[in-house]
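Undergrad: I am attaching a structure below and will ask some questions about it afterwards.
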Amino acid sequence: MTSKNGQANRQIRMLIADVDGTLVTQEKVLTKRAAAAVLSLHEAGIHFSVTSGRPPRGMAMLIDPLRITQPLAAFNGGVLIKPDLTTVVDQKFLPVGVPEKVIEAIENHGLDVWLYTDTGWFVHDPNAAHVAREEWTVKFPPTVVKTLRGLLGRVAKIVAVSDDYDRVAQCEKDVQQAGGAHISAARSQPYYLDVTHPQANKGGVVLAMSRLLNIPAEEVATIGDMPNDVLMFEKSGVSIAMGNASPEVQAAATYVTSSNEEEGFANAIEKFVLNTRSARA
């Protein structure tokens, strides 16, 4: 595990964690050490929450084991919802007319399109790449539709999906150009491009949590592994990249921990969050 200089004594009052590739293993398992690390945060008086590209229901299995009491940030911040999963704190849908442009740009690259509204997940082909895996991850099935027309009024997230990583990267650039200032588009996995409201990104999550809890953003720590996590690194006082993150993501963080297959989340809590706090006591 490595760190940059000059950050060791910064006070941390909250930790916001990415989920996939960070909090859970590659097989989507929340380890006992990871859960214990979060409980240690609670005991130390440090607030904790999660942010993910997942829909709200896709994070339900984390609430009880981690004793989450703060709002969860689903859809990369498109929906902030309390742990009861019914009380919406804030939600941001793609502006009218924008989903059509985004979908056209994605389809021009030959990628599959998934659409999430505030209540549903819609796909064209249930047998397409990663649909079954996503269903297993979020613990509910998609609705299969022939067309996405009629569903574009309350769009929380659009996902472009392909196992051609280079094509996904190129699609990211073209979607960003097509959507302009009306969207936020970033890869949450090498095979997923997430498109949300421009203020629905993980940097916005840090600022929203800061306002809700009256905690300065510089006293918030963040941990993640993908390019869309860099947005929250930039807004938080302390940032931690996973060992499984790319060199570019690691370079953007204050600290680098071990991988999610090597208890990187728990290691980061113990070394960079709790130890930092203890050093100030």
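The chains in the structure tokens are called A, B, ... from first to last as shown; in each chain the residues are counted from 1, and the ligands are counted from 1 in the order shown.
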Please identify all polymer residues within 7 Å of region 173-175 of chain A, counting only C-alpha atoms, omitting same-chain residues fewer than 2 positions from it, and present them as a CSV table (one decimal) with N, CA and C atoms, in the first residue's frame.

TA:
```csv
chain,number,residue,atom,x,y,z
A,102,VAL,N,-28.5,10.1,-26.6
A,102,VAL,CA,-27.5,9.2,-26.0
A,102,VAL,C,-27.7,7.8,-26.6
A,105,ALA,N,-26.3,7.5,-30.1
A,105,ALA,CA,-24.9,7.5,-30.1
A,105,ALA,C,-24.3,6.1,-29.7
A,106,ILE,N,-25.0,5.5,-28.7
A,106,ILE,CA,-24.6,4.2,-28.3
A,106,ILE,C,-24.8,3.1,-29.4
A,169,ALA,N,-14.7,2.5,-24.8
A,169,ALA,CA,-13.9,3.7,-24.6
A,169,ALA,C,-14.2,4.8,-25.7
A,170,GLN,N,-14.2,4.3,-26.9
A,170,GLN,CA,-14.6,5.2,-28.0
A,170,GLN,C,-16.0,5.8,-27.9
A,171,CYS,N,-16.9,4.9,-27.5
A,171,CYS,CA,-18.3,5.3,-27.3
A,171,CYS,C,-18.4,6.3,-26.2
A,177,GLN,N,-19.6,13.8,-26.3
A,177,GLN,CA,-19.8,14.9,-27.3
A,177,GLN,C,-21.2,15.1,-27.6
A,178,ALA,N,-22.0,14.0,-27.8
A,178,ALA,CA,-23.4,14.0,-28.2
A,178,ALA,C,-24.2,14.7,-27.1
A,179,GLY,N,-23.9,14.3,-25.8
A,179,GLY,CA,-24.7,14.8,-24.7
A,179,GLY,C,-24.3,16.2,-24.2
```

Undergrad: Can you pull out every residue within 9 Å of Ala252 (chain A), counting only C-alpha atoms, but drop anything in the same chain fewer than 2 positions away, and send it as a ChimeraX atom specification?

TA: /A:230,233-234,239-241,247-250,254-255

Undergrad: For CA of Val88 (chain A) and CA of Ile183 (chain A), quote the distance in Å rounded to one decimal.

TA: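 Atom-to-atom, CA of Val88 (chain A) and CA of Ile183 (chain A) are spaced 21.2 Å apart.
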
Undergrad: List the neighbours of Ala44 (chain A) out to 8 Å using only C-alpha atoms; skip same-chain residues closer than 3 positions along the sequence, and give me the result as a ChimeraX atom specification.

TA: /A:40-41,274

Undergrad: Using all heavy atoms, can you export the residues from the last selection as a PDB file, in the first residue's frame?

TA:
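Result file result-v2.pdb:
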```pdb
ATOM      1  N   SER A  40     -16.229  -0.775  12.619  1.00  0.00           N
ATOM      2  CA  SER A  40     -15.194  -0.027  13.340  1.00  0.00           C
ATOM      3  C   SER A  40     -15.310   1.476  13.064  1.00  0.00           C
ATOM      4  O   SER A  40     -15.045   2.293  13.948  1.00  0.00           O
ATOM      5  CB  SER A  40     -13.805  -0.523  12.947  1.00  0.00           C
ATOM      6  OG  SER A  40     -13.608  -1.857  13.357  1.00  0.00           O
ATOM      7  N   LEU A  41     -15.700   1.816  11.844  1.00  0.00           N
ATOM      8  CA  LEU A  41     -15.937   3.232  11.521  1.00  0.00           C
ATOM      9  C   LEU A  41     -17.064   3.788  12.386  1.00  0.00           C
ATOM     10  O   LEU A  41     -16.948   4.884  12.951  1.00  0.00           O
ATOM     11  CB  LEU A  41     -16.304   3.391  10.044  1.00  0.00           C
ATOM     12  CG  LEU A  41     -15.226   3.128   9.004  1.00  0.00           C
ATOM     13  CD1 LEU A  41     -15.811   3.261   7.606  1.00  0.00           C
ATOM     14  CD2 LEU A  41     -14.044   4.079   9.167  1.00  0.00           C
ATOM     15  N   LEU A 274      -8.806   4.846  10.032  1.00  0.00           N
ATOM     16  CA  LEU A 274      -8.783   4.744  11.491  1.00  0.00           C
ATOM     17  C   LEU A 274      -7.433   5.149  12.065  1.00  0.00           C
ATOM     18  O   LEU A 274      -7.366   5.844  13.086  1.00  0.00           O
ATOM     19  CB  LEU A 274      -9.140   3.324  11.925  1.00  0.00           C
ATOM     20  CG  LEU A 274     -10.568   2.892  11.581  1.00  0.00           C
ATOM     21  CD1 LEU A 274     -10.786   1.439  11.965  1.00  0.00           C
ATOM     22  CD2 LEU A 274     -11.590   3.785  12.293  1.00  0.00           C
TER      23      LEU A 274
END
```

Undergrad: Excluding Ser246 (chain A) and residues on its chain fewer than 3 positions from it, collect all residues at most 12 Å away from it, counting only C-alpha atoms, and give them as a ChimeraX atom specification.

TA: /A:21,189-190,224-230,241-243,249-253,256,259

Undergrad: Could you pull out all residues of region 100-152 of chain A with a DSSP call of alpha helix (DSSP H) and give them as a PyMOL selection string?

TA: chain A and resi 100-108+131-138

Undergrad: What would the file look like if the residues just selected were written as a PDB file, in the first residue's frame with N, CA, C and O atoms?

TA:
```pdb
ATOM      1  N   GLU A 100     -32.761  10.204 -26.061  1.00  0.00           N
ATOM      2  CA  GLU A 100     -32.795   9.804 -27.463  1.00  0.00           C
ATOM      3  C   GLU A 100     -31.429   9.976 -28.124  1.00  0.00           C
ATOM      4  O   GLU A 100     -30.969   9.098 -28.870  1.00  0.00           O
ATOM      5  N   LYS A 101     -30.775  11.103 -27.859  1.00  0.00           N
ATOM      6  CA  LYS A 101     -29.459  11.367 -28.454  1.00  0.00           C
ATOM      7  C   LYS A 101     -28.405  10.389 -27.929  1.00  0.00           C
ATOM      8  O   LYS A 101     -27.555   9.904 -28.689  1.00  0.00           O
ATOM      9  N   VAL A 102     -28.471  10.104 -26.647  1.00  0.00           N
ATOM     10  CA  VAL A 102     -27.511   9.186 -26.041  1.00  0.00           C
ATOM     11  C   VAL A 102     -27.683   7.776 -26.607  1.00  0.00           C
ATOM     12  O   VAL A 102     -26.703   7.114 -26.986  1.00  0.00           O
ATOM     13  N   ILE A 103     -28.917   7.322 -26.679  1.00  0.00           N
ATOM     14  CA  ILE A 103     -29.191   5.979 -27.196  1.00  0.00           C
ATOM     15  C   ILE A 103     -28.742   5.857 -28.643  1.00  0.00           C
ATOM     16  O   ILE A 103     -28.138   4.842 -29.037  1.00  0.00           O
ATOM     17  N   GLU A 104     -28.984   6.872 -29.440  1.00  0.00           N
ATOM     18  CA  GLU A 104     -28.551   6.847 -30.840  1.00  0.00           C
ATOM     19  C   GLU A 104     -27.034   6.739 -30.938  1.00  0.00           C
ATOM     20  O   GLU A 104     -26.501   5.956 -31.740  1.00  0.00           O
ATOM     21  N   ALA A 105     -26.318   7.499 -30.109  1.00  0.00           N
ATOM     22  CA  ALA A 105     -24.851   7.466 -30.141  1.00  0.00           C
ATOM     23  C   ALA A 105     -24.329   6.094 -29.724  1.00  0.00           C
ATOM     24  O   ALA A 105     -23.361   5.583 -30.302  1.00  0.00           O
ATOM     25  N   ILE A 106     -24.975   5.485 -28.739  1.00  0.00           N
ATOM     26  CA  ILE A 106     -24.559   4.155 -28.283  1.00  0.00           C
ATOM     27  C   ILE A 106     -24.807   3.112 -29.367  1.00  0.00           C
ATOM     28  O   ILE A 106     -23.936   2.286 -29.679  1.00  0.00           O
ATOM     29  N   GLU A 107     -25.984   3.161 -29.953  1.00  0.00           N
ATOM     30  CA  GLU A 107     -26.330   2.177 -30.975  1.00  0.00           C
ATOM     31  C   GLU A 107     -25.479   2.329 -32.226  1.00  0.00           C
ATOM     32  O   GLU A 107     -25.229   1.353 -32.938  1.00  0.00           O
ATOM     33  N   ASN A 108     -25.004   3.542 -32.490  1.00  0.00           N
ATOM     34  CA  ASN A 108     -24.106   3.762 -33.630  1.00  0.00           C
ATOM     35  C   ASN A 108     -22.797   2.992 -33.468  1.00  0.00           C
ATOM     36  O   ASN A 108     -22.121   2.686 -34.451  1.00  0.00           O
ATOM     37  N   VAL A 131     -26.137  -9.297 -18.874  1.00  0.00           N
ATOM     38  CA  VAL A 131     -27.467  -9.147 -18.287  1.00  0.00           C
ATOM     39  C   VAL A 131     -27.656 -10.125 -17.122  1.00  0.00           C
ATOM     40  O   VAL A 131     -28.095  -9.737 -16.033  1.00  0.00           O
ATOM     41  N   ALA A 132     -27.329 -11.380 -17.341  1.00  0.00           N
ATOM     42  CA  ALA A 132     -27.494 -12.375 -16.272  1.00  0.00           C
ATOM     43  C   ALA A 132     -26.622 -12.039 -15.074  1.00  0.00           C
ATOM     44  O   ALA A 132     -27.049 -12.181 -13.913  1.00  0.00           O
ATOM     45  N   ARG A 133     -25.408 -11.597 -15.333  1.00  0.00           N
ATOM     46  CA  ARG A 133     -24.499 -11.226 -14.248  1.00  0.00           C
ATOM     47  C   ARG A 133     -25.048 -10.045 -13.456  1.00  0.00           C
ATOM     48  O   ARG A 133     -25.000 -10.022 -12.223  1.00  0.00           O
ATOM     49  N   GLU A 134     -25.587  -9.067 -14.166  1.00  0.00           N
ATOM     50  CA  GLU A 134     -26.152  -7.898 -13.496  1.00  0.00           C
ATOM     51  C   GLU A 134     -27.367  -8.299 -12.659  1.00  0.00           C
ATOM     52  O   GLU A 134     -27.540  -7.814 -11.535  1.00  0.00           O
ATOM     53  N   GLU A 135     -28.200  -9.182 -13.204  1.00  0.00           N
ATOM     54  CA  GLU A 135     -29.371  -9.640 -12.458  1.00  0.00           C
ATOM     55  C   GLU A 135     -28.941 -10.345 -11.173  1.00  0.00           C
ATOM     56  O   GLU A 135     -29.539 -10.139 -10.108  1.00  0.00           O
ATOM     57  N   TRP A 136     -27.902 -11.151 -11.254  1.00  0.00           N
ATOM     58  CA  TRP A 136     -27.390 -11.839 -10.072  1.00  0.00           C
ATOM     59  C   TRP A 136     -26.829 -10.846  -9.063  1.00  0.00           C
ATOM     60  O   TRP A 136     -26.985 -10.995  -7.847  1.00  0.00           O
ATOM     61  N   THR A 137     -26.199  -9.789  -9.568  1.00  0.00           N
ATOM     62  CA  THR A 137     -25.583  -8.784  -8.701  1.00  0.00           C
ATOM     63  C   THR A 137     -26.631  -7.959  -7.965  1.00  0.00           C
ATOM     64  O   THR A 137     -26.548  -7.769  -6.753  1.00  0.00           O
ATOM     65  N   VAL A 138     -27.615  -7.436  -8.695  1.00  0.00           N
ATOM     66  CA  VAL A 138     -28.584  -6.514  -8.091  1.00  0.00           C
ATOM     67  C   VAL A 138     -29.791  -7.235  -7.477  1.00  0.00           C
ATOM     68  O   VAL A 138     -30.606  -6.623  -6.791  1.00  0.00           O
TER      69      VAL A 138
END
```

Undergrad: Report the closest atom pair, with its distance in Å rounded to one decimal, for each residue of region 151-212 of chain A that has an atom no farther than 7 Å from region 73-77 of chain A; count only C-alpha atoms, sort by chain and then rising residue number, and write it as JSON lines.

TA:
```
{"residue": "A:Ala156", "atom": "CA", "partner": "A:Phe75", "partner_atom": "CA", "distance": 6.8}
{"residue": "A:Lys157", "atom": "CA", "partner": "A:Phe75", "partner_atom": "CA", "distance": 6.3}
{"residue": "A:Ala200", "atom": "CA", "partner": "A:Gly77", "partner_atom": "CA", "distance": 4.6}
{"residue": "A:Asn201", "atom": "CA", "partner": "A:Asn76", "partner_atom": "CA", "distance": 5.1}
{"residue": "A:Lys202", "atom": "CA", "partner": "A:Asn76", "partner_atom": "CA", "distance": 5.5}
{"residue": "A:Gly204", "atom": "CA", "partner": "A:Gly77", "partner_atom": "CA", "distance": 6.8}
{"residue": "A:Val205", "atom": "CA", "partner": "A:Gly77", "partner_atom": "CA", "distance": 5.5}
```

Undergrad: Using only C-alpha atoms for the distances, tell me which of A:Leu212, A:Ala266, A:Val38, A:Ile158 is nearest to Pro71 (chain A).

TA: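 For Pro71 (chain A), the nearest of the given residues is A:Leu212.
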
Undergrad: When you look at Thr222 (chain A) with a cut-off of 6 Å (counting only C-alpha atoms), what residues show up, excluding the ones that are within fewer than 3 positions of it in the same chain? I need them as a list in words.

TA: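 Non-adjacent residues within range: Leu15, Ile16, Ala17 and Ser239 of chain A.
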
Undergrad: Write the residues of the selection above to a file with all heavy atoms, as a PDB file, in the first residue's frame.

TA:
```pdb
ATOM      1  N   LEU A  15     -16.677   8.419   5.390  1.00  0.00           N
ATOM      2  CA  LEU A  15     -16.129   7.649   4.284  1.00  0.00           C
ATOM      3  C   LEU A  15     -17.264   7.291   3.335  1.00  0.00           C
ATOM      4  O   LEU A  15     -18.302   6.784   3.761  1.00  0.00           O
ATOM      5  CB  LEU A  15     -15.450   6.369   4.770  1.00  0.00           C
ATOM      6  CG  LEU A  15     -14.946   5.453   3.645  1.00  0.00           C
ATOM      7  CD1 LEU A  15     -13.740   6.055   2.953  1.00  0.00           C
ATOM      8  CD2 LEU A  15     -14.621   4.059   4.172  1.00  0.00           C
ATOM      9  N   ILE A  16     -17.039   7.544   2.048  1.00  0.00           N
ATOM     10  CA  ILE A  16     -17.977   7.143   0.998  1.00  0.00           C
ATOM     11  C   ILE A  16     -17.277   6.105   0.133  1.00  0.00           C
ATOM     12  O   ILE A  16     -16.188   6.357  -0.395  1.00  0.00           O
ATOM     13  CB  ILE A  16     -18.411   8.337   0.140  1.00  0.00           C
ATOM     14  CG1 ILE A  16     -19.081   9.407   1.019  1.00  0.00           C
ATOM     15  CG2 ILE A  16     -19.362   7.885  -0.972  1.00  0.00           C
ATOM     16  CD1 ILE A  16     -19.400  10.698   0.273  1.00  0.00           C
ATOM     17  N   ALA A  17     -17.897   4.944  -0.010  1.00  0.00           N
ATOM     18  CA  ALA A  17     -17.262   3.831  -0.714  1.00  0.00           C
ATOM     19  C   ALA A  17     -18.021   3.452  -1.979  1.00  0.00           C
ATOM     20  O   ALA A  17     -19.253   3.351  -1.978  1.00  0.00           O
ATOM     21  CB  ALA A  17     -17.166   2.608   0.198  1.00  0.00           C
ATOM     22  N   SER A 239      -8.496  10.491  -0.606  1.00  0.00           N
ATOM     23  CA  SER A 239      -9.006   9.511  -1.572  1.00  0.00           C
ATOM     24  C   SER A 239      -8.115   8.281  -1.572  1.00  0.00           C
ATOM     25  O   SER A 239      -6.905   8.369  -1.401  1.00  0.00           O
ATOM     26  CB  SER A 239      -9.064  10.121  -2.974  1.00  0.00           C
ATOM     27  OG  SER A 239      -7.812  10.674  -3.345  1.00  0.00           O
TER      28      SER A 239
END
```

Undergrad: What does the structure give for the distance between CA of Asn267 (chain A) and CA of Leu80 (chain A), in Å to one decimal?

TA: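 CA of Asn267 (chain A) sits 27.5 Å away from CA of Leu80 (chain A).
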
Undergrad: Can you tell me which residues surround Pro198 (chain A) at a distance of at most 9 Å, considering only C-alpha atoms, apart from same-chain residues fewer than 5 positions away, and format the answer as a PDB file with N, CA and C atoms, in the first residue's frame?

TA:
```
ATOM      1  N   LYS A  92     -32.239  12.925  -9.820  1.00  0.00           N
ATOM      2  CA  LYS A  92     -31.924  13.722 -11.002  1.00  0.00           C
ATOM      3  C   LYS A  92     -32.094  12.839 -12.237  1.00  0.00           C
ATOM      4  N   LEU A  94     -32.278  12.397 -16.528  1.00  0.00           N
ATOM      5  CA  LEU A  94     -31.723  12.999 -17.734  1.00  0.00           C
ATOM      6  C   LEU A  94     -32.723  13.992 -18.311  1.00  0.00           C
ATOM      7  N   ALA A 181     -23.069  19.203 -22.138  1.00  0.00           N
ATOM      8  CA  ALA A 181     -23.244  19.612 -20.746  1.00  0.00           C
ATOM      9  C   ALA A 181     -24.503  19.017 -20.120  1.00  0.00           C
ATOM     10  N   HIS A 182     -25.296  18.278 -20.910  1.00  0.00           N
ATOM     11  CA  HIS A 182     -26.559  17.733 -20.411  1.00  0.00           C
ATOM     12  C   HIS A 182     -26.408  16.364 -19.759  1.00  0.00           C
ATOM     13  N   ILE A 183     -25.188  15.797 -19.777  1.00  0.00           N
ATOM     14  CA  ILE A 183     -24.981  14.462 -19.228  1.00  0.00           C
ATOM     15  C   ILE A 183     -23.664  14.369 -18.472  1.00  0.00           C
ATOM     16  N   SER A 184     -23.553  13.297 -17.685  1.00  0.00           N
ATOM     17  CA  SER A 184     -22.279  12.837 -17.157  1.00  0.00           C
ATOM     18  C   SER A 184     -22.098  11.428 -17.690  1.00  0.00           C
ATOM     19  N   ALA A 185     -20.991  11.148 -18.363  1.00  0.00           N
ATOM     20  CA  ALA A 185     -20.752   9.834 -18.963  1.00  0.00           C
ATOM     21  C   ALA A 185     -19.366   9.351 -18.579  1.00  0.00           C
TER      22      ALA A 185
END
```

Undergrad: Which is closest to Phe93 (chain A) among A:Ala37, A:Leu152, A:Ile12, A:Val159, if we use only C-alpha atoms?

TA: A:Leu152

Undergrad: Find the residues around His124 (chain A) up to 7 Å (only C-alpha atoms counted), leave out those fewer than 4 positions away in its own chain, and share them as a list in words.

TA: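 What passes the distance filter is Val144, Val145 and Lys146 of chain A.
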
Undergrad: Could those selected residues go to a file with N, CA and C atoms, as a PDB file, in the first residue's frame?

TA:
```pdb
ATOM      1  N   VAL A 144     -37.958  -6.954 -20.127  1.00  0.00           N
ATOM      2  CA  VAL A 144     -37.562  -7.057 -21.524  1.00  0.00           C
ATOM      3  C   VAL A 144     -38.578  -6.324 -22.398  1.00  0.00           C
ATOM      4  N   VAL A 145     -38.093  -5.394 -23.210  1.00  0.00           N
ATOM      5  CA  VAL A 145     -38.972  -4.592 -24.072  1.00  0.00           C
ATOM      6  C   VAL A 145     -38.423  -4.575 -25.492  1.00  0.00           C
ATOM      7  N   LYS A 146     -39.314  -4.419 -26.456  1.00  0.00           N
ATOM      8  CA  LYS A 146     -38.896  -4.315 -27.847  1.00  0.00           C
ATOM      9  C   LYS A 146     -38.379  -2.917 -28.157  1.00  0.00           C
TER      10      LYS A 146
END
```

Undergrad: Can you tell me, as a ChimeraX atom specification, which residues in region 19-202 of chain A count as strand (DSSP E) by DSSP?

TA: /A:47-51,72-74,79-81,88-91,112-117,121-123,143-144,155-161,184-189,192-196

Undergrad: Could you take the residues named above and write them with N, CA and C atoms, as a CSV table (one decimal), in the first residue's frame?

TA:
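Output (out_31.csv):
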```csv
chain,number,residue,atom,x,y,z
A,47,HIS,N,-19.0,8.7,9.9
A,47,HIS,CA,-20.1,8.3,9.1
A,47,HIS,C,-19.7,7.5,7.9
A,48,PHE,N,-20.6,6.7,7.4
A,48,PHE,CA,-20.3,5.8,6.3
A,48,PHE,C,-21.5,5.7,5.3
A,49,SER,N,-21.2,5.7,4.0
A,49,SER,CA,-22.3,5.4,3.0
A,49,SER,C,-21.6,4.9,1.8
A,50,VAL,N,-22.5,4.5,0.9
A,50,VAL,CA,-22.0,3.9,-0.4
A,50,VAL,C,-22.5,4.6,-1.6
A,51,THR,N,-21.8,4.6,-2.7
A,51,THR,CA,-22.3,5.1,-3.9
A,51,THR,C,-21.9,4.1,-5.0
A,72,LEU,N,-28.1,6.4,0.7
A,72,LEU,CA,-27.3,5.7,-0.3
A,72,LEU,C,-27.4,6.4,-1.6
A,73,ALA,N,-26.3,6.5,-2.3
A,73,ALA,CA,-26.3,7.2,-3.6
A,73,ALA,C,-26.3,6.2,-4.8
A,74,ALA,N,-27.5,5.9,-5.3
A,74,ALA,CA,-27.6,5.0,-6.4
A,74,ALA,C,-27.4,5.7,-7.7
A,79,VAL,N,-29.9,9.1,-7.8
A,79,VAL,CA,-30.9,9.0,-6.7
A,79,VAL,C,-30.2,8.9,-5.4
A,80,LEU,N,-30.5,9.8,-4.5
A,80,LEU,CA,-30.1,9.6,-3.1
A,80,LEU,C,-31.3,9.2,-2.3
A,81,ILE,N,-31.2,8.0,-1.6
A,81,ILE,CA,-32.4,7.4,-1.0
A,81,ILE,C,-32.0,6.9,0.4
A,88,VAL,N,-37.0,9.1,-0.8
A,88,VAL,CA,-36.0,9.7,-1.7
A,88,VAL,C,-35.6,11.1,-1.2
A,89,VAL,N,-34.3,11.3,-1.1
A,89,VAL,CA,-33.7,12.5,-0.6
A,89,VAL,C,-33.6,13.5,-1.8
A,90,ASP,N,-33.1,12.9,-2.9
A,90,ASP,CA,-32.9,13.7,-4.1
A,90,ASP,C,-32.9,12.8,-5.3
A,91,GLN,N,-33.3,13.3,-6.5
A,91,GLN,CA,-33.2,12.5,-7.7
A,91,GLN,C,-33.0,13.4,-8.9
A,112,ASP,N,-24.9,-2.7,-26.7
A,112,ASP,CA,-26.2,-2.9,-26.1
A,112,ASP,C,-26.6,-1.7,-25.3
A,113,VAL,N,-27.9,-1.5,-25.2
A,113,VAL,CA,-28.4,-0.4,-24.3
A,113,VAL,C,-29.3,-0.9,-23.2
A,114,TRP,N,-29.0,-0.5,-22.0
A,114,TRP,CA,-29.8,-0.8,-20.9
A,114,TRP,C,-30.4,0.6,-20.4
A,115,LEU,N,-31.6,0.6,-19.9
A,115,LEU,CA,-32.2,1.8,-19.4
A,115,LEU,C,-32.8,1.6,-18.0
A,116,TYR,N,-32.4,2.5,-17.1
A,116,TYR,CA,-33.0,2.5,-15.8
A,116,TYR,C,-33.8,3.8,-15.6
A,117,THR,N,-35.1,3.5,-15.2
A,117,THR,CA,-35.9,4.6,-14.7
A,117,THR,C,-35.8,4.6,-13.1
A,121,TRP,N,-35.7,-1.5,-14.6
A,121,TRP,CA,-34.5,-1.7,-15.4
A,121,TRP,C,-35.0,-2.4,-16.7
A,122,PHE,N,-34.6,-1.9,-17.9
A,122,PHE,CA,-35.2,-2.3,-19.1
A,122,PHE,C,-34.1,-2.7,-20.1
A,123,VAL,N,-34.2,-3.9,-20.8
A,123,VAL,CA,-33.3,-4.3,-21.8
A,123,VAL,C,-34.0,-4.8,-23.0
A,143,THR,N,-36.8,-5.8,-17.1
A,143,THR,CA,-38.0,-6.0,-17.9
A,143,THR,C,-37.6,-6.0,-19.4
A,144,VAL,N,-38.0,-7.0,-20.1
A,144,VAL,CA,-37.6,-7.1,-21.5
A,144,VAL,C,-38.6,-6.3,-22.4
A,155,VAL,N,-35.7,9.0,-16.9
A,155,VAL,CA,-34.5,8.2,-17.0
A,155,VAL,C,-33.4,8.5,-16.0
A,156,ALA,N,-33.1,7.6,-15.1
A,156,ALA,CA,-32.0,7.8,-14.1
A,156,ALA,C,-30.7,7.5,-14.7
A,157,LYS,N,-30.6,6.5,-15.5
A,157,LYS,CA,-29.3,6.1,-16.1
A,157,LYS,C,-29.5,5.3,-17.3
A,158,ILE,N,-28.6,5.5,-18.3
A,158,ILE,CA,-28.5,4.7,-19.5
A,158,ILE,C,-27.1,4.0,-19.5
A,159,VAL,N,-27.1,2.7,-19.8
A,159,VAL,CA,-25.8,2.0,-19.8
A,159,VAL,C,-25.5,1.4,-21.2
A,160,ALA,N,-24.3,1.7,-21.7
A,160,ALA,CA,-23.8,1.1,-22.9
A,160,ALA,C,-23.0,-0.1,-22.5
A,161,VAL,N,-23.2,-1.3,-23.1
A,161,VAL,CA,-22.6,-2.5,-22.7
A,161,VAL,C,-21.9,-3.2,-23.8
A,184,SER,N,-23.6,13.3,-17.7
A,184,SER,CA,-22.3,12.8,-17.2
A,184,SER,C,-22.1,11.4,-17.7
A,185,ALA,N,-21.0,11.1,-18.4
A,185,ALA,CA,-20.8,9.8,-19.0
A,185,ALA,C,-19.4,9.4,-18.6
A,186,ALA,N,-19.3,8.2,-17.9
A,186,ALA,CA,-18.0,7.6,-17.5
A,186,ALA,C,-18.1,6.1,-17.3
A,187,ARG,N,-17.0,5.4,-17.5
A,187,ARG,CA,-17.1,4.0,-17.4
A,187,ARG,C,-17.0,3.6,-15.9
A,188,SER,N,-18.0,2.7,-15.6
A,188,SER,CA,-18.0,2.2,-14.2
A,188,SER,C,-17.3,0.8,-14.2
A,189,GLN,N,-17.2,0.2,-15.3
A,189,GLN,CA,-16.4,-1.0,-15.5
A,189,GLN,C,-15.9,-0.9,-16.9
A,192,TYR,N,-18.9,-1.3,-19.1
A,192,TYR,CA,-20.0,-0.5,-18.9
A,192,TYR,C,-19.7,1.0,-19.1
A,193,LEU,N,-20.5,1.7,-19.8
A,193,LEU,CA,-20.5,3.1,-19.9
A,193,LEU,C,-21.8,3.6,-19.2
A,194,ASP,N,-21.7,4.3,-18.1
A,194,ASP,CA,-22.9,4.9,-17.4
A,194,ASP,C,-23.1,6.3,-17.8
A,195,VAL,N,-24.4,6.6,-18.2
A,195,VAL,CA,-24.7,7.9,-18.6
A,195,VAL,C,-25.9,8.4,-17.6
A,196,THR,N,-25.6,9.5,-17.0
A,196,THR,CA,-26.6,10.1,-16.0
A,196,THR,C,-26.7,11.6,-16.2
```
